[in-house]
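Q: Provided below: coords29.cif, containing mmCIF, C-alpha atoms.
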data_data
loop_
_atom_site.label_atom_id
_atom_site.label_comp_id
_atom_site.auth_asym_id
_atom_site.auth_seq_id
_atom_site.Cartn_x
_atom_site.Cartn_y
_atom_site.Cartn_z
CA MET P 66 -4.11 30.22 -55.11
CA VAL P 67 -3.05 30.84 -51.51
CA ASN P 68 -4.58 28.01 -49.49
CA ILE P 69 -6.36 29.66 -46.55
CA PRO P 70 -8.71 27.70 -44.25
CA GLU P 71 -12.38 28.71 -44.26
CA ASN P 72 -12.36 29.78 -40.59
CA ILE P 73 -9.68 32.42 -41.22
CA ASN P 74 -10.96 35.95 -41.78
CA LYS P 75 -7.71 37.88 -41.50
CA ILE P 76 -4.12 37.37 -42.55
CA CYS P 77 -1.12 39.45 -41.44
CA VAL P 78 1.97 39.17 -43.63
CA HIS P 79 5.40 40.14 -42.27
CA THR P 80 7.99 40.54 -45.03
CA GLY P 81 11.01 40.66 -42.74
CA ASN P 82 14.00 42.69 -43.94
CA ILE P 83 13.47 43.15 -47.66
CA LEU P 84 17.00 44.55 -48.06
CA ASN P 85 18.11 40.92 -47.96
CA LEU P 86 15.81 39.84 -50.78
CA ASN P 87 17.67 39.56 -54.09
CA GLU P 88 14.44 39.85 -56.08
CA VAL P 89 13.76 43.26 -54.49
CA LYS P 90 17.37 44.48 -54.68
CA LYS P 91 17.46 43.78 -58.42
CA ASN P 92 14.60 46.25 -58.89
CA ALA P 93 15.90 49.14 -56.80
CA GLY P 94 13.92 51.68 -58.84
CA GLN P 95 10.52 50.29 -57.84
CA ASN P 96 8.01 52.56 -56.12
CA SER P 97 6.58 51.58 -52.73
CA SER P 98 3.58 49.79 -54.21
CA GLU P 99 5.69 47.68 -56.58
CA GLU P 100 8.16 46.93 -53.80
CA LEU P 101 5.37 45.80 -51.48
CA VAL P 102 3.78 43.58 -54.13
CA GLU P 103 7.10 41.89 -54.87
CA SER P 104 7.78 41.39 -51.15
CA LEU P 105 4.35 39.88 -50.53
CA LYS P 106 4.76 37.45 -53.42
CA ILE P 107 8.05 36.26 -51.93
CA ALA P 108 6.59 35.93 -48.43
CA LEU P 109 3.60 33.90 -49.67
CA LYS P 110 5.51 31.78 -52.18
CA GLY P 111 5.43 28.18 -51.04
CA TRP P 112 3.74 29.17 -47.77
CA SER P 113 1.01 26.99 -46.34
CA PRO P 114 -1.03 27.51 -43.16
CA PRO P 115 -0.16 25.49 -40.05
CA ALA P 116 -2.02 22.23 -39.49
CA GLU P 117 -3.64 23.63 -36.36
CA ASN P 118 -4.86 27.18 -35.86
CA ASN P 119 -7.24 28.05 -33.06
CA GLY P 120 -7.84 31.67 -34.03
CA THR P 121 -9.30 33.48 -37.01
CA CYS P 122 -6.11 35.39 -37.90
CA LEU P 123 -3.08 33.87 -39.59
CA GLU P 124 0.42 35.29 -39.27
CA VAL P 125 2.70 34.80 -42.26
CA ARG P 126 6.33 35.52 -41.41
CA SER P 127 9.17 35.70 -43.91
CA ASN P 128 12.89 35.89 -42.95
CA ASP P 129 11.90 37.52 -39.64
CA GLU P 130 15.29 36.81 -38.12
CA THR P 131 16.89 39.33 -40.48
CA ILE P 132 15.10 42.32 -38.92
CA LYS P 133 17.51 42.64 -36.01
CA VAL P 134 20.65 44.71 -36.51
CA SER P 135 23.57 42.79 -35.04
CA GLY P 136 26.67 44.33 -33.50
CA VAL P 137 25.02 47.68 -32.83
CA GLU P 138 23.56 48.98 -29.57
CA ARG P 139 19.85 49.79 -29.69
CA SER P 140 20.68 53.37 -28.65
CA GLU P 141 22.64 53.74 -31.89
CA LEU P 142 19.61 52.87 -34.03
CA ARG P 143 16.78 55.09 -35.24
CA THR P 144 13.52 53.32 -36.02
CA SER P 145 10.78 55.00 -38.04
CA ALA P 146 7.52 53.76 -39.51
CA LYS P 147 4.65 54.88 -41.70
CA VAL P 148 1.19 53.44 -41.16
CA PHE P 149 -1.19 53.38 -44.14
CA ILE P 150 -4.71 52.91 -42.80
CA THR P 151 -7.95 52.72 -44.76
CA SER P 152 -10.56 53.21 -42.01
CA ASP P 153 -10.99 55.42 -38.96
CA LYS P 154 -11.31 52.46 -36.60
CA LYS P 155 -9.08 53.04 -33.60
CA GLU P 156 -8.62 49.33 -32.98
CA ALA P 157 -7.18 48.89 -36.50
CA LEU P 158 -4.53 51.56 -35.94
CA GLN P 159 -3.64 50.16 -32.53
CA GLU P 160 -3.39 46.68 -34.03
CA ALA P 161 -0.93 48.00 -36.63
CA ILE P 162 1.20 49.59 -33.91
CA ASP P 163 1.08 46.47 -31.73
CA LYS P 164 2.12 44.23 -34.65
CA LEU P 165 4.97 46.60 -35.43
CA PHE P 166 6.31 46.48 -31.88
CA ALA P 167 5.96 42.72 -31.71
CA SER P 168 7.76 42.23 -35.01
CA LEU P 169 10.64 44.55 -34.10
CA GLU P 170 10.74 43.42 -30.45
CA ALA P 171 11.10 47.09 -29.57
CA ASP P 172 10.23 49.09 -26.46
CA ASN P 173 10.18 52.44 -28.24
CA ILE P 174 9.96 53.67 -31.82
CA ASP P 175 11.41 57.04 -32.71
CA SER P 176 8.71 58.19 -35.13
CA VAL P 177 5.46 57.05 -36.69
CA VAL P 178 3.70 58.90 -39.51
CA MET P 179 0.07 58.11 -40.28
CA ALA P 180 -1.28 58.15 -43.84
CA TYR P 181 -5.06 57.98 -43.64
CA THR P 182 -6.64 56.92 -46.90
CA GLY P 183 -10.29 56.93 -45.84
CA THR P 184 -12.95 57.48 -48.47
CA SER P 185 -14.46 60.65 -46.99
CA HIS P 186 -14.04 63.66 -49.27
CA GLU P 187 -15.81 66.13 -47.00
CA ALA P 188 -13.23 68.31 -45.26
CA ASN P 189 -15.05 68.31 -41.92
CA ASN P 190 -15.57 64.54 -41.95
CA ARG P 191 -11.95 63.89 -42.89
CA LEU P 192 -10.72 66.14 -40.09
CA SER P 193 -12.99 64.42 -37.58
CA GLU P 194 -11.81 60.97 -38.67
CA ILE P 195 -8.14 61.95 -38.47
CA GLN P 196 -8.63 63.53 -35.03
CA HIS P 197 -10.33 60.31 -33.93
CA LEU P 198 -7.32 58.22 -35.03
CA TRP P 199 -4.85 60.77 -33.69
CA GLU P 200 -5.97 59.92 -30.16
CA VAL P 201 -4.45 56.46 -30.64
CA LEU P 202 -1.08 57.93 -31.57
CA GLU P 203 -1.27 60.34 -28.64
CA ALA P 204 -1.96 57.47 -26.22
CA ASN P 205 1.12 55.63 -27.48
CA VAL P 206 3.25 58.74 -27.00
CA GLN P 207 1.92 59.17 -23.47
CA SER P 208 2.75 55.55 -22.66
CA GLY P 209 6.33 56.07 -23.86
CA LYS P 210 6.10 53.75 -26.85
CA LEU P 211 6.36 56.45 -29.53
CA SER P 212 8.64 59.49 -29.39
CA ARG P 213 7.38 61.51 -32.36
CA ILE P 214 4.20 61.32 -34.42
CA GLY P 215 3.21 62.86 -37.71
CA ILE P 216 0.68 62.93 -40.51
CA SER P 217 0.88 62.54 -44.28
CA ASP P 218 -1.10 63.93 -47.21
CA VAL P 219 -3.32 66.55 -45.60
CA ASP P 220 -3.90 70.08 -46.81
CA THR P 221 -2.56 73.09 -44.95
CA ASP P 222 -5.81 74.11 -43.24
CA LEU P 223 -6.51 70.60 -41.99
CA PHE P 224 -2.98 70.19 -40.67
CA ILE P 225 -3.07 73.50 -38.79
CA THR P 226 -6.44 72.62 -37.28
CA LEU P 227 -5.16 69.21 -36.22
CA TYR P 228 -2.04 70.79 -34.73
CA ASN P 229 -4.01 73.34 -32.73
CA SER P 230 -6.51 70.81 -31.40
CA ALA P 231 -4.07 67.98 -30.57
CA LYS P 232 -2.84 67.29 -27.05
CA THR P 233 0.33 65.81 -28.54
CA LYS P 234 1.31 67.99 -31.48
CA PRO P 235 2.43 66.46 -34.77
CA SER P 236 6.15 67.06 -35.20
CA ILE P 237 6.28 65.68 -38.76
CA VAL P 238 4.17 66.39 -41.83
CA GLN P 239 4.66 64.71 -45.19
CA ILE P 240 3.32 65.89 -48.53
CA ASN P 241 3.30 64.09 -51.86
CA LEU P 242 4.95 66.16 -54.56
CA ALA P 243 3.17 64.08 -57.21
CA SER P 244 -0.13 65.71 -56.22
CA CYS P 245 1.33 68.99 -54.96
CA CYS P 246 4.25 70.09 -57.11
CA VAL P 247 5.10 73.04 -54.86
CA VAL P 248 5.11 73.01 -51.05
CA PRO P 249 2.42 75.51 -49.96
CA PRO P 250 4.13 78.63 -48.56
CA ALA P 251 1.63 78.82 -45.69
CA LEU P 252 2.53 75.28 -44.65
CA GLN P 253 6.24 76.02 -44.91
CA GLU P 254 5.86 79.07 -42.68
CA PHE P 255 3.73 77.26 -40.10
CA CYS P 256 6.22 74.38 -39.88
CA LYS P 257 9.11 76.81 -39.51
CA GLN P 258 7.38 78.71 -36.70
CA ASN P 259 6.48 75.54 -34.80
CA ASP P 260 9.64 73.48 -35.38
CA ILE P 261 7.81 70.85 -37.44
CA GLN P 262 9.75 68.60 -39.81
CA LEU P 263 8.33 69.08 -43.31
CA LEU P 264 9.09 66.17 -45.63
CA THR P 265 8.14 65.15 -49.15
CA HIS P 266 7.49 61.61 -50.36
CA ASN P 267 6.49 59.70 -53.49
CA ASP P 268 4.32 56.93 -52.03
CA PRO P 269 1.30 56.07 -54.20
CA LEU P 270 -2.05 57.25 -52.82
CA GLU P 271 -3.10 53.58 -52.75
CA LEU P 272 -0.19 51.50 -51.46
CA LEU P 273 -1.67 48.15 -52.49
CA PRO P 274 -4.35 48.49 -55.18
CA ASN P 275 -7.19 46.00 -54.97
CA GLN P 276 -6.32 44.45 -58.34
CA ALA P 277 -2.75 43.77 -57.18
CA LEU P 278 -4.04 42.21 -53.96
CA GLN P 279 -6.35 39.86 -55.86
CA THR P 280 -3.51 38.86 -58.16
CA ILE P 281 -1.36 37.95 -55.16
CA LEU P 282 -4.10 36.00 -53.36
CA GLN P 283 -5.78 34.76 -56.54
CA GLN P 284 -9.18 35.39 -55.02
CA GLU P 285 -12.34 37.16 -56.08
CA SER P 286 -12.21 40.93 -55.64
CA GLN P 287 -15.10 41.10 -53.20
CA LEU P 288 -13.50 38.67 -50.78
CA SER P 289 -10.58 40.67 -49.47
CA ARG P 290 -9.40 44.18 -48.62
CA VAL P 291 -6.38 45.84 -47.02
CA ASP P 292 -7.11 47.10 -43.50
CA TRP P 293 -3.70 48.63 -42.90
CA ALA P 294 -0.06 48.40 -43.88
CA VAL P 295 3.11 49.45 -42.08
CA ARG P 296 6.48 50.23 -43.62
CA PHE P 297 9.33 50.32 -41.12
CA GLN P 298 12.96 51.38 -41.44
CA ILE P 299 15.92 51.09 -39.09
CA HIS P 300 18.93 53.37 -39.59
CA VAL P 301 22.30 53.26 -37.88
CA LYS P 302 22.49 56.84 -36.58
CA CYS P 303 26.21 57.56 -36.67
CA ARG P 304 26.63 56.20 -40.19
CA GLY P 305 23.27 57.18 -41.66
CA VAL P 306 23.00 53.67 -43.06
CA LEU P 307 19.65 52.00 -43.74
CA ALA P 308 20.07 48.60 -42.11
CA THR P 309 16.52 47.23 -42.16
CA LYS P 310 13.39 47.88 -44.19
CA GLY P 311 10.20 45.90 -44.29
CA TYR P 312 6.43 45.78 -44.39
CA ILE P 313 3.62 44.36 -42.31
CA ILE P 314 0.18 44.23 -43.91
CA CYS P 315 -3.20 43.16 -42.59
CA ILE P 316 -5.73 41.79 -45.06
CA SER P 317 -9.37 41.03 -44.24
CA LEU P 318 -10.46 38.04 -46.27
CA HIS P 319 -14.22 38.12 -45.83
CA GLU P 320 -15.99 41.44 -46.04
CA CYS P 321 -19.06 41.85 -43.87
#
Can you turn what I pasted into structure tokens?
A:
Amino acid sequence: MVNIPENINKICVHTGNILNLNEVKKNAGQNSSEELVESLKIALKGWSPPAENNGTCLEVRSNDETIKVSGVERSELRTSAKVFITSDKKEALQEAIDKLFASLEADNIDSVVMAYTGTSHEANNRLSEIQHLWEVLEANVQSGKLSRIGISDVDTDLFITLYNSAKTKPSIVQINLASCCVVPPALQEFCKQNDIQLLTHNDPLELLPNQALQTILQQESQLSRVDWAVRFQIHVKCRGVLATKGYIICISLHEC
């Protein structure tokens, strides 16, 4: 069992560059969820909390020094990220972005796509929650921290409504071909007309299932939940080479 002091109510795990982890490289065919689970196990293996901790959040860092791409100018790199968030709390999304910038020691990130996995199934509620979170992404674009922002796993009507209502328009939309075997023609046409990058992906709807989380932490199911997770990638532009890939995940340990 991961030994976590009683006063700690949140733990943020930074996997570092998982491209340098032999255990992950051996299983190149893993999906995102399996890859994240394996990376978290490695990061937490043999880890113990510091003797002194004045806050209620612990940072677990694994091979952090491997994130930086040596011998290449920052201008030659393209950094992208996808934020998986489970609630519509603005402070949670901003925390994910702040942790990402701190981990990468970056001034600007080329693109961030948000995957909102809230529990609301009502179309109007889901739209309202996404618009609420979108304001956080817009603020980070306006401050110069993010260049492009996008959204994942929304239906065509919701995406068009979000686009029309947003101050900063989404320039990327991702759809999961596992749940939508054909790209909706209406979405294709809208993206074409508005110069929006339309991408497909195969990320699981639930990046880190609760059962997998409990297995990693070896705790009771009601004691922890994933607040958000970020997957980041750094490519060398001229070569199209993926140089860095990693995850940051925030876990609440004591539900209110």
Q: From the options P:Glu124, P:Glu156, P:Asp260, P:Glu141, which residue's atoms come nearest to Asp292 in chain P, counting all atoms listed in the file?
A: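 Looking at the shortest contact to Asp292 in chain P, the residue is P:Glu156.
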Q: So the first atom is CA of Ala108 in chain P and the second is CA of Ala180 in chain P; what is the distance between them in Å, to one decimal place?
A: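 Taking CA of Ala108 in chain P as the start and CA of Ala180 in chain P as the end point, the length is 24.0 Å.
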Q: Given the file shown, enumerate the residues that the PyMOL selection byres ((chain P and resi 239) around 10) captures and present them as JSON, numbers by chain.
A: {"P": [178, 179, 180, 215, 216, 217, 218, 219, 237, 238, 240, 241, 242, 262, 263, 264, 265, 266, 267]}
Q: Would you please work out which residue, of P:His300, P:Lys164, P:Arg191, P:Lys133, is nearest to Val148 in chain P when using only C-alpha atoms?
A: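 For Val148 in chain P, the nearest of the given residues is P:Lys164.
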Q: Taking 6 positions as the minimum chain separation for residues in the same chain, which residues sit within 12 Å of Lys90 in chain P when counting only C-alpha atoms? Answer as a ChimeraX atom specification.
A: /P:82-84,100,103-104,310
Q: For this file, the PyMOL selection byres ((chain P and resi 221) around 12) selects which residues, as a ChimeraX atom specification?
A: /P:188,192,216-220,222-228,238-240,245,248-256,263
